[in-house]
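Here the structure comes first, spelled out in structure tokens, and everything after it is commentary.
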Amino acid sequence: MEQDMYESCKTVVRCAVGVAEDFKVEVGLCQGSALTPSLFAVVMDRLTDELLSKFGLITASSSGCILTVITPPPATGDKRDVVFLIDGTSATRSEFPSIRDMIRRVVDQLDVGLDRVRVSVVQYSDAPKLEFLLNAYSTKSEVRQAVSELRSSGGNRLNTGRALEWVARNIYQRSAGSRVEEGVPQFLILVTGGKSSDDVSTQADQLKRNQVAPVAIGSRNADPDELRQISLKPGLVYSVDSFKQLSRVEPQLINSVQTISTADIISSYVPTVELATLDLGKKDIIFLIDGSDSTGPNGIAHIRDFIISIVQQLDVQPDRVRVAVVQYADRTKTEFSLNTHSNKQAVLSAVKRLRQIGGRSSELANAIDYVLENEVKPSAGVRLSEASQHLVVLTGAPSTQPVSISGPLLKNKRVNCIGVGTGNADRTQLSQIATSSEDVVTIPTFPNLPTVKEKVISRLSGVPVDVFTTEDFPTAGLPQPKKADIVFLMDGSINLGQENFRDVRDFIMNLIDLFFSERDNLQVGLAQYAGDVTDAFYLNTYSNRDDILEAIGKLEYKGGRRINTGAAIRYIQDAHFTKQRGSRMDEGTPQILMLVTGGRSTDDGKTAAMGLKNKGVRIFAVGVGDIQDELENLASQSSTVARAQTFQELSELNEQILEALDDEVKGKLCVDSQLPAK
């Protein structure tokens with residue numbers, strides 16, 4: 001009925017410059033209707049918002065169907081594009097309403113409209129989430145409504161760098177409503193509750209280069225240095241104890257948005273100063289970082305930033321400095337090897353992508369073994385004869401494993417080690433792995449890493465281990481080169497099977513790789529046995545470690561239904577420990593048999609072993625399964641017995657065997673510990 005009243009009805013709008021042309025009235029309200037007051041309010045609210053966005057202040061009257069619009073003087077505010085980038089992680093969920101209310105209050109104070117101040121909101125945690133673009137809404141009430149509907153998206157990780165990069169690519173574009181090409185000032189208001197899990201420096205710098213003014217607001221868990229790094233200038237950094245106190249910084253925030261011009265943004269931007277590239281010569285540098293739970297995401301972020309700050313000063317290229325990163329906890333993971341990336345930018349990008357692997361324990365000894373086995377090798381990019389090798393350990397907790405043998409292993413491989421630890425790390429353990437006392441670096445917490453950057457670079461610049469001659473090693477605190485003849489006698493029977501054979505073969509290769517440095521004068525032979533013996537190579541077949549390892553890697557599974565350990569030992573005595581086959585027994589060189597078996601012998605191994613011992617050969621008996629008594633009958637003494645429950649657990653015997661081998665070669669094993677005859 002009310003609509004029928006307005007059929008063919010027209011009206012006009014009177015304003016300061018005259019009366020507009022008449023236009024049809026399609027819908028209206030009838031005075032006296034019970035619905036008139038409420039419907040009038042609804043209609044007028046909507047109409048008022050639309051007129052506000054176009055004309056400014058209005059007055060209205062329903063009498064005579066005439067609406068009067070009073071055009072105010074031109075507004076004093078300028079055009080602005082304002083993007084809110086807000087922390088949506090689960091950690092800030094309880095305070096998210098405070099962030100939402102702050103945005104609403106700021107919007108209320110700005111001259112919001114498509115032709116004035118445009119607003120966009122992006123929420124982020126692990127990944128950014130668009131709430132609405134700069135050109136999504138044309139009125140303040142629409143923006144207010146959109147803001148009121150914001151809800152925390154949740155997420156565990158705070159990837160601020162990723163969010164900054166996404167905003168730069170997707171929001172500050174003409175298609176998304178940005179007017180940067182028109183010279184309209186561009187603002188980014190970051191609201192964050194913690195330190196970023198990724199790098200922010202490059203992304204923040206790019207925003208500033210693109211004439212965007214970042215404003216950084218952080219709660220008590222945010223990193224002040226990171227906020228300063230992101231913001232256009234120090235005066236645009238605001239800190240609060242909690243987001244409930246955001247109202248305290250709103251006046252300064254609003255004033256900055258209203259008064260800073262594009263010219264101010266351009267003049268305030270200070271380009272990142274490129275640090276001078278250091279000439280360290282040819283270096284292979286491996287960063288071994290503690291990624292356990294004790295380090296935490298924030299600790300990893302500080303470690304990552306520290307590595308980045310060092311790499312930025314290195315001359316990274318294939319024939320100069322190569323960089324690798326390995327992370328460890330209760331497992332070890334290669335992030336990238338020395339030959340993975342060939343330039344500085346690629347290395348920096350890879351470091352920025354680092355994420356904590358997590359783990360309850362910090363197994364540093366296993367991690368160092370892993371690095372020596374997998375990264376300090378030519379196939380991973382190491383240049384043993386051309387460059388010096390460096391390991392930088394960064395840890396925030398004591399190792400759950402002893403590392404007393406790790407230092408000698410590193411030195412034997414000519415790897416210079418720098419140990420960097422927080423107050424929670426074990427300084428004694430750092431001293432055990434470090435090349436010298438000067439290479440032990442301690443800090444209270446990971447945020448203090450920048451304070452030791454110059455010292456670490458200085459140690460990387462120092463004289464490497466591998467420049468010492470053989471005569472220099474004792475005075476440098478390094479062990480004398482080792483000299484010994486070692487024959488491996490390996491069970492190749494069905495006690496192992498094809499799969500376990502590979503585990504035993506890898507175990508032997510691992511032992512040799514860890515024990516045999518290029519300074520050593522070691523000879524190695526190997527034979528495989530079951531019912532009979534098959535020779536792989538003799539003591540004088542190969543003269544260097546790499547050839548030996550390559551030969552072992554080509555071994556094929558022998559097979560056989562039984563093992564005659566006694567006959568095999570007698571064969572080794574006659575065919576391997578002879579001068580013709582390379583034995584240096586007559587020169588007083590230690591003679592060692594390393595027996596690796598997976599079962600009990602079908603013949604008399606004890607008597608054969610006694611005969612070999614009487615010739616001066618020391619026997620190490622390594623076995624798998626319930627054969628402790630047999631191993632003791634074969635071995636020279638208790639310290640040369642090693643047993644694992646499964647073939648996969650053989651690698652856990654490395655430290656025990658290497659210590660005993662080292663003592664054997666040095667003549668430190670005591671005859672008092674020899675096993676009684678059985």
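Ligands are numbered from 1 in the order shown, residues from 1 within each chain, and chains are lettered A, B, ... in the order they appear in the structure tokens.
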Pull the strand (DSSP E) assignments for range 289-367 of chain A out of DSSP run on the backbone, and list those residues as a PyMOL selection string. chain A and resi 289-290+321-328+332-336
Listing only residues of range 292-321 of chain A within 10 Å of range 393-408 of chain A, what is the closest atom pair and its distance in Å (to one decimal) for each, using only C-alpha atoms, sorted by chain and residue number ascending, as a Markdown table?
| residue | atom | partner | partner_atom | distance |
| --- | --- | --- | --- | --- |
| A:Ser292 | CA | A:Ala397 | CA | 8.6 |
| A:Asp293 | CA | A:Ala397 | CA | 9.6 |
| A:Ser294 | CA | A:Ala397 | CA | 6.5 |
| A:Thr295 | CA | A:Gly396 | CA | 5.7 |
| A:Gly296 | CA | A:Gly396 | CA | 9.5 |
| A:Gly299 | CA | A:Gly396 | CA | 8.3 |
| A:Ile300 | CA | A:Leu394 | CA | 9.9 |
| A:Ile303 | CA | A:Leu394 | CA | 7.5 |
| A:Ile307 | CA | A:Leu394 | CA | 9.9 |
Give me a file of those residues, with N, CA, C and O atoms, as a compact mmCIF listing (two decimals), in the first residue's frame.
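So the final result, stored in selection21.txt, reads:
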# COMPACT_ATOMS: atom_id res chain seq x y z
N SER A 292 66.21 -28.62 18.54
CA SER A 292 65.40 -29.34 19.52
C SER A 292 64.37 -28.42 20.17
O SER A 292 64.37 -27.21 19.97
N ASP A 293 63.51 -29.03 20.97
CA ASP A 293 62.46 -28.26 21.64
C ASP A 293 63.04 -27.21 22.57
O ASP A 293 62.41 -26.17 22.82
N SER A 294 64.24 -27.47 23.11
CA SER A 294 64.85 -26.50 24.03
C SER A 294 65.20 -25.19 23.33
O SER A 294 65.25 -24.14 23.95
N THR A 295 65.44 -25.25 22.03
CA THR A 295 65.74 -24.03 21.26
C THR A 295 64.47 -23.24 20.98
O THR A 295 64.44 -22.02 21.15
N GLY A 296 63.42 -23.94 20.56
CA GLY A 296 62.14 -23.29 20.31
C GLY A 296 62.11 -22.50 19.01
O GLY A 296 63.16 -22.17 18.45
N GLY A 299 64.08 -19.25 19.15
CA GLY A 299 65.52 -19.48 19.11
C GLY A 299 66.00 -19.75 17.70
O GLY A 299 67.03 -19.24 17.26
N ILE A 300 65.24 -20.57 16.97
CA ILE A 300 65.61 -20.87 15.58
C ILE A 300 65.59 -19.60 14.74
O ILE A 300 66.44 -19.39 13.87
N ILE A 303 68.76 -17.80 15.43
CA ILE A 303 69.87 -18.51 14.80
C ILE A 303 69.88 -18.24 13.31
O ILE A 303 70.92 -17.98 12.70
N ILE A 307 72.89 -16.51 11.12
CA ILE A 307 73.56 -17.12 9.96
C ILE A 307 73.46 -16.19 8.75
O ILE A 307 74.42 -16.00 8.01
Would you mind listing what lies within 9 Å of range 546-556 of chain A as a PyMOL selection string, with only C-alpha atoms counted and same-chain residues fewer than 5 positions away left out? chain A and resi 501-502+505-506+508-510+512-513+524-526+536-537+541
Export, as a JSON list (two decimals), in the first residue's frame, the selected residues with N, CA, C and O atoms.
[["chain", "number", "residue", "atom", "x", "y", "z"],
["A", 501, "PHE", "N", 73.15, -57.44, 5.45],
["A", 501, "PHE", "CA", 74.49, -57.36, 4.88],
["A", 501, "PHE", "C", 74.83, -55.91, 4.54],
["A", 501, "PHE", "O", 75.94, -55.44, 4.80],
["A", 502, "ARG", "N", 73.87, -55.20, 3.95],
["A", 502, "ARG", "CA", 74.11, -53.80, 3.61],
["A", 502, "ARG", "C", 74.34, -52.96, 4.87],
["A", 502, "ARG", "O", 75.17, -52.05, 4.87],
["A", 505, "ARG", "N", 77.89, -53.72, 6.00],
["A", 505, "ARG", "CA", 78.83, -53.08, 5.08],
["A", 505, "ARG", "C", 78.91, -51.58, 5.34],
["A", 505, "ARG", "O", 80.01, -51.00, 5.41],
["A", 506, "ASP", "N", 77.75, -50.94, 5.54],
["A", 506, "ASP", "CA", 77.75, -49.50, 5.82],
["A", 506, "ASP", "C", 78.39, -49.20, 7.17],
["A", 506, "ASP", "O", 79.05, -48.17, 7.33],
["A", 508, "ILE", "N", 80.89, -50.85, 8.56],
["A", 508, "ILE", "CA", 82.34, -50.92, 8.39],
["A", 508, "ILE", "C", 82.84, -49.67, 7.66],
["A", 508, "ILE", "O", 83.87, -49.08, 8.04],
["A", 509, "MET", "N", 82.14, -49.25, 6.61],
["A", 509, "MET", "CA", 82.53, -48.05, 5.89],
["A", 509, "MET", "C", 82.52, -46.84, 6.80],
["A", 509, "MET", "O", 83.42, -45.98, 6.75],
["A", 510, "ASN", "N", 81.51, -46.78, 7.67],
["A", 510, "ASN", "CA", 81.39, -45.66, 8.59],
["A", 510, "ASN", "C", 82.56, -45.62, 9.56],
["A", 510, "ASN", "O", 83.15, -44.56, 9.83],
["A", 512, "ILE", "N", 85.60, -46.85, 9.16],
["A", 512, "ILE", "CA", 86.82, -46.46, 8.45],
["A", 512, "ILE", "C", 86.82, -44.97, 8.15],
["A", 512, "ILE", "O", 87.83, -44.27, 8.35],
["A", 513, "ASP", "N", 85.68, -44.47, 7.70],
["A", 513, "ASP", "CA", 85.58, -43.05, 7.35],
["A", 513, "ASP", "C", 85.82, -42.15, 8.55],
["A", 513, "ASP", "O", 86.44, -41.10, 8.44],
["A", 524, "VAL", "N", 94.37, -51.08, 5.22],
["A", 524, "VAL", "CA", 93.13, -51.81, 5.51],
["A", 524, "VAL", "C", 92.96, -52.95, 4.51],
["A", 524, "VAL", "O", 93.17, -52.77, 3.31],
["A", 525, "GLY", "N", 92.58, -54.13, 5.03],
["A", 525, "GLY", "CA", 92.23, -55.27, 4.21],
["A", 525, "GLY", "C", 90.84, -55.75, 4.59],
["A", 525, "GLY", "O", 90.33, -55.40, 5.67],
["A", 526, "LEU", "N", 90.21, -56.57, 3.74],
["A", 526, "LEU", "CA", 88.87, -57.06, 4.07],
["A", 526, "LEU", "C", 88.61, -58.40, 3.38],
["A", 526, "LEU", "O", 89.00, -58.61, 2.22],
["A", 536, "ALA", "N", 88.32, -59.73, -0.38],
["A", 536, "ALA", "CA", 87.88, -58.52, -1.08],
["A", 536, "ALA", "C", 89.11, -57.72, -1.53],
["A", 536, "ALA", "O", 89.25, -57.38, -2.70],
["A", 537, "PHE", "N", 90.01, -57.45, -0.60],
["A", 537, "PHE", "CA", 91.28, -56.79, -0.91],
["A", 537, "PHE", "C", 92.23, -56.97, 0.28],
["A", 537, "PHE", "O", 91.81, -57.25, 1.40],
["A", 541, "THR", "N", 96.57, -53.44, -1.07],
["A", 541, "THR", "CA", 95.82, -53.25, -2.33],
["A", 541, "THR", "C", 95.55, -51.78, -2.60],
["A", 541, "THR", "O", 95.74, -51.28, -3.71]]
Rank nothing, just name the residue among A:Asp264, A:Asp305, A:Glu438, A:Glu142 nearest to Arg459 in chain A, using only C-alpha atoms. A:Glu438
Could you name the residues that touch Asp315 in chain A at 7 Å or less, counting only C-alpha atoms, but leaving out those on the same chain fewer than 3 positions away, as a count of residues only? 5
Separation of CA of Ser120 in chain A and CA of Arg353 in chain A, in Å?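 It comes out at 27.4 Å.
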Counting only C-alpha atoms, the residue of A:Phe577, A:Tyr529, A:Phe647, A:Phe96 that sits nearest Arg618 in chain A: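 Once distances to Arg618 in chain A are computed over only C-alpha atoms, the minimum belongs to A:Phe577.
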Here is a test: counting only C-alpha atoms, which residue of A:Arg220, A:Gln203, A:Phe446, A:Val371 is nearest to Asn424 in chain A?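 For Asn424 in chain A, the nearest of the candidates is A:Phe446.
Each of A:Gln523, A:Gln356, A:Gln645, A:Ser268 was compared to Ile592 in chain A using only C-alpha atoms, and A:Gln523 turns out to be the nearest.
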What lies within 12 Å of Gln258 in chain A using only C-alpha atoms, ignoring chain neighbours under 5 positions off, as a PyMOL selection string? chain A and resi 76-82+106-107+109-112+116-117+184-187+251-253
Residues of the last selection are to be written out with N, CA and C atoms, as a PDB file, in the first residue's frame.
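Result file follows (selection.pdb):
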ATOM      1  N   THR A  76      39.534  18.465   4.838  1.00  0.00           N
ATOM      2  CA  THR A  76      40.961  18.780   4.947  1.00  0.00           C
ATOM      3  C   THR A  76      41.822  17.538   4.830  1.00  0.00           C
ATOM      4  N   GLY A  77      41.232  16.327   5.025  1.00  0.00           N
ATOM      5  CA  GLY A  77      42.009  15.094   4.948  1.00  0.00           C
ATOM      6  C   GLY A  77      42.431  14.799   3.520  1.00  0.00           C
ATOM      7  N   ASP A  78      43.559  14.042   3.378  1.00  0.00           N
ATOM      8  CA  ASP A  78      44.055  13.673   2.064  1.00  0.00           C
ATOM      9  C   ASP A  78      43.764  12.208   1.795  1.00  0.00           C
ATOM     10  N   LYS A  79      43.990  11.810   0.561  1.00  0.00           N
ATOM     11  CA  LYS A  79      43.820  10.413   0.195  1.00  0.00           C
ATOM     12  C   LYS A  79      44.900   9.563   0.865  1.00  0.00           C
ATOM     13  N   ARG A  80      44.494   8.378   1.292  1.00  0.00           N
ATOM     14  CA  ARG A  80      45.415   7.449   1.936  1.00  0.00           C
ATOM     15  C   ARG A  80      44.989   6.022   1.589  1.00  0.00           C
ATOM     16  N   ASP A  81      45.973   5.108   1.467  1.00  0.00           N
ATOM     17  CA  ASP A  81      45.695   3.673   1.371  1.00  0.00           C
ATOM     18  C   ASP A  81      46.310   3.022   2.604  1.00  0.00           C
ATOM     19  N   VAL A  82      45.457   2.450   3.435  1.00  0.00           N
ATOM     20  CA  VAL A  82      45.908   1.911   4.721  1.00  0.00           C
ATOM     21  C   VAL A  82      45.607   0.415   4.770  1.00  0.00           C
ATOM     22  N   VAL A 106      40.201   3.239  14.705  1.00  0.00           N
ATOM     23  CA  VAL A 106      41.022   3.988  13.753  1.00  0.00           C
ATOM     24  C   VAL A 106      40.203   4.335  12.513  1.00  0.00           C
ATOM     25  N   VAL A 107      39.422   3.381  12.032  1.00  0.00           N
ATOM     26  CA  VAL A 107      38.556   3.628  10.873  1.00  0.00           C
ATOM     27  C   VAL A 107      37.589   4.768  11.174  1.00  0.00           C
ATOM     28  N   GLN A 109      38.068   7.302  12.950  1.00  0.00           N
ATOM     29  CA  GLN A 109      38.766   8.587  12.977  1.00  0.00           C
ATOM     30  C   GLN A 109      39.269   9.021  11.595  1.00  0.00           C
ATOM     31  N   LEU A 110      39.273   8.100  10.637  1.00  0.00           N
ATOM     32  CA  LEU A 110      39.767   8.438   9.304  1.00  0.00           C
ATOM     33  C   LEU A 110      38.613   8.780   8.362  1.00  0.00           C
ATOM     34  N   ASP A 111      38.939   9.531   7.333  1.00  0.00           N
ATOM     35  CA  ASP A 111      37.949   9.960   6.340  1.00  0.00           C
ATOM     36  C   ASP A 111      37.803   8.859   5.284  1.00  0.00           C
ATOM     37  N   VAL A 112      37.157   7.764   5.681  1.00  0.00           N
ATOM     38  CA  VAL A 112      37.094   6.566   4.850  1.00  0.00           C
ATOM     39  C   VAL A 112      36.113   6.731   3.697  1.00  0.00           C
ATOM     40  N   ARG A 116      38.716   8.845  -0.753  1.00  0.00           N
ATOM     41  CA  ARG A 116      39.496   9.441   0.333  1.00  0.00           C
ATOM     42  C   ARG A 116      40.456   8.393   0.917  1.00  0.00           C
ATOM     43  N   VAL A 117      40.129   7.846   2.063  1.00  0.00           N
ATOM     44  CA  VAL A 117      40.977   6.834   2.713  1.00  0.00           C
ATOM     45  C   VAL A 117      40.411   5.445   2.439  1.00  0.00           C
ATOM     46  N   VAL A 184      49.412   8.479  -4.033  1.00  0.00           N
ATOM     47  CA  VAL A 184      48.689   8.439  -2.753  1.00  0.00           C
ATOM     48  C   VAL A 184      49.564   7.741  -1.715  1.00  0.00           C
ATOM     49  N   PRO A 185      49.739   8.324  -0.525  1.00  0.00           N
ATOM     50  CA  PRO A 185      50.563   7.699   0.516  1.00  0.00           C
ATOM     51  C   PRO A 185      50.064   6.296   0.862  1.00  0.00           C
ATOM     52  N   GLN A 186      51.000   5.364   0.957  1.00  0.00           N
ATOM     53  CA  GLN A 186      50.685   3.966   1.248  1.00  0.00           C
ATOM     54  C   GLN A 186      51.179   3.613   2.657  1.00  0.00           C
ATOM     55  N   PHE A 187      50.298   3.015   3.457  1.00  0.00           N
ATOM     56  CA  PHE A 187      50.653   2.656   4.831  1.00  0.00           C
ATOM     57  C   PHE A 187      50.398   1.170   5.078  1.00  0.00           C
ATOM     58  N   PRO A 251      46.310   7.564  19.156  1.00  0.00           N
ATOM     59  CA  PRO A 251      46.464   8.967  18.729  1.00  0.00           C
ATOM     60  C   PRO A 251      47.706   9.188  17.867  1.00  0.00           C
ATOM     61  N   GLN A 252      48.863   8.614  18.292  1.00  0.00           N
ATOM     62  CA  GLN A 252      50.085   8.770  17.494  1.00  0.00           C
ATOM     63  C   GLN A 252      49.949   8.068  16.151  1.00  0.00           C
ATOM     64  N   LEU A 253      49.325   6.875  16.175  1.00  0.00           N
ATOM     65  CA  LEU A 253      49.138   6.116  14.945  1.00  0.00           C
ATOM     66  C   LEU A 253      48.293   6.897  13.943  1.00  0.00           C
TER      67      LEU A 253
END
So which residues touch Ile103 in chain A within 10 Å, counting only C-alpha atoms, skipping near sequence neighbours fewer than 2 positions away, as a PyMOL selection string? chain A and resi 84+86+97-101+105-108+119+121+144+147-148+189+246+250
Within 7 Å of Glu335 in chain A, counting only C-alpha atoms, which residues show up once you throw out same-chain ones fewer than 3 positions away? Write them as a PyMOL selection string, please. chain A and resi 325-327
All helix (DSSP H, G or I) residues (DSSP, backbone) inside range 278-311 of chain A, as a ChimeraX atom specification: /A:296-311
Nearest to Leu511 in chain A by atom-to-atom distance, counting only C-alpha atoms, from A:Gln656, A:Thr435, A:Leu430, A:Gly531: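 With only C-alpha atoms as the atom set, the closest residue is A:Gln656.
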Given only C-alpha atoms as the basis, pick out the residue of A:Val215, A:Leu514, A:Leu496, A:Ile569 nearest to Glu659 in chain A.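 Smallest separation from Glu659 in chain A among the options: A:Leu514.
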Distance of CA of Gly421 in chain A from CA of Val347 in chain A, expressed in Å to one decimal place: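 Separation of CA of Val347 in chain A and CA of Gly421 in chain A: 23.4 Å.
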Enter the distance from CA of Leu658 in chain A to CA of Met594 in chain A, in Å, rounded to one decimal.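 Distance reported for this atom pair: 11.7 Å.
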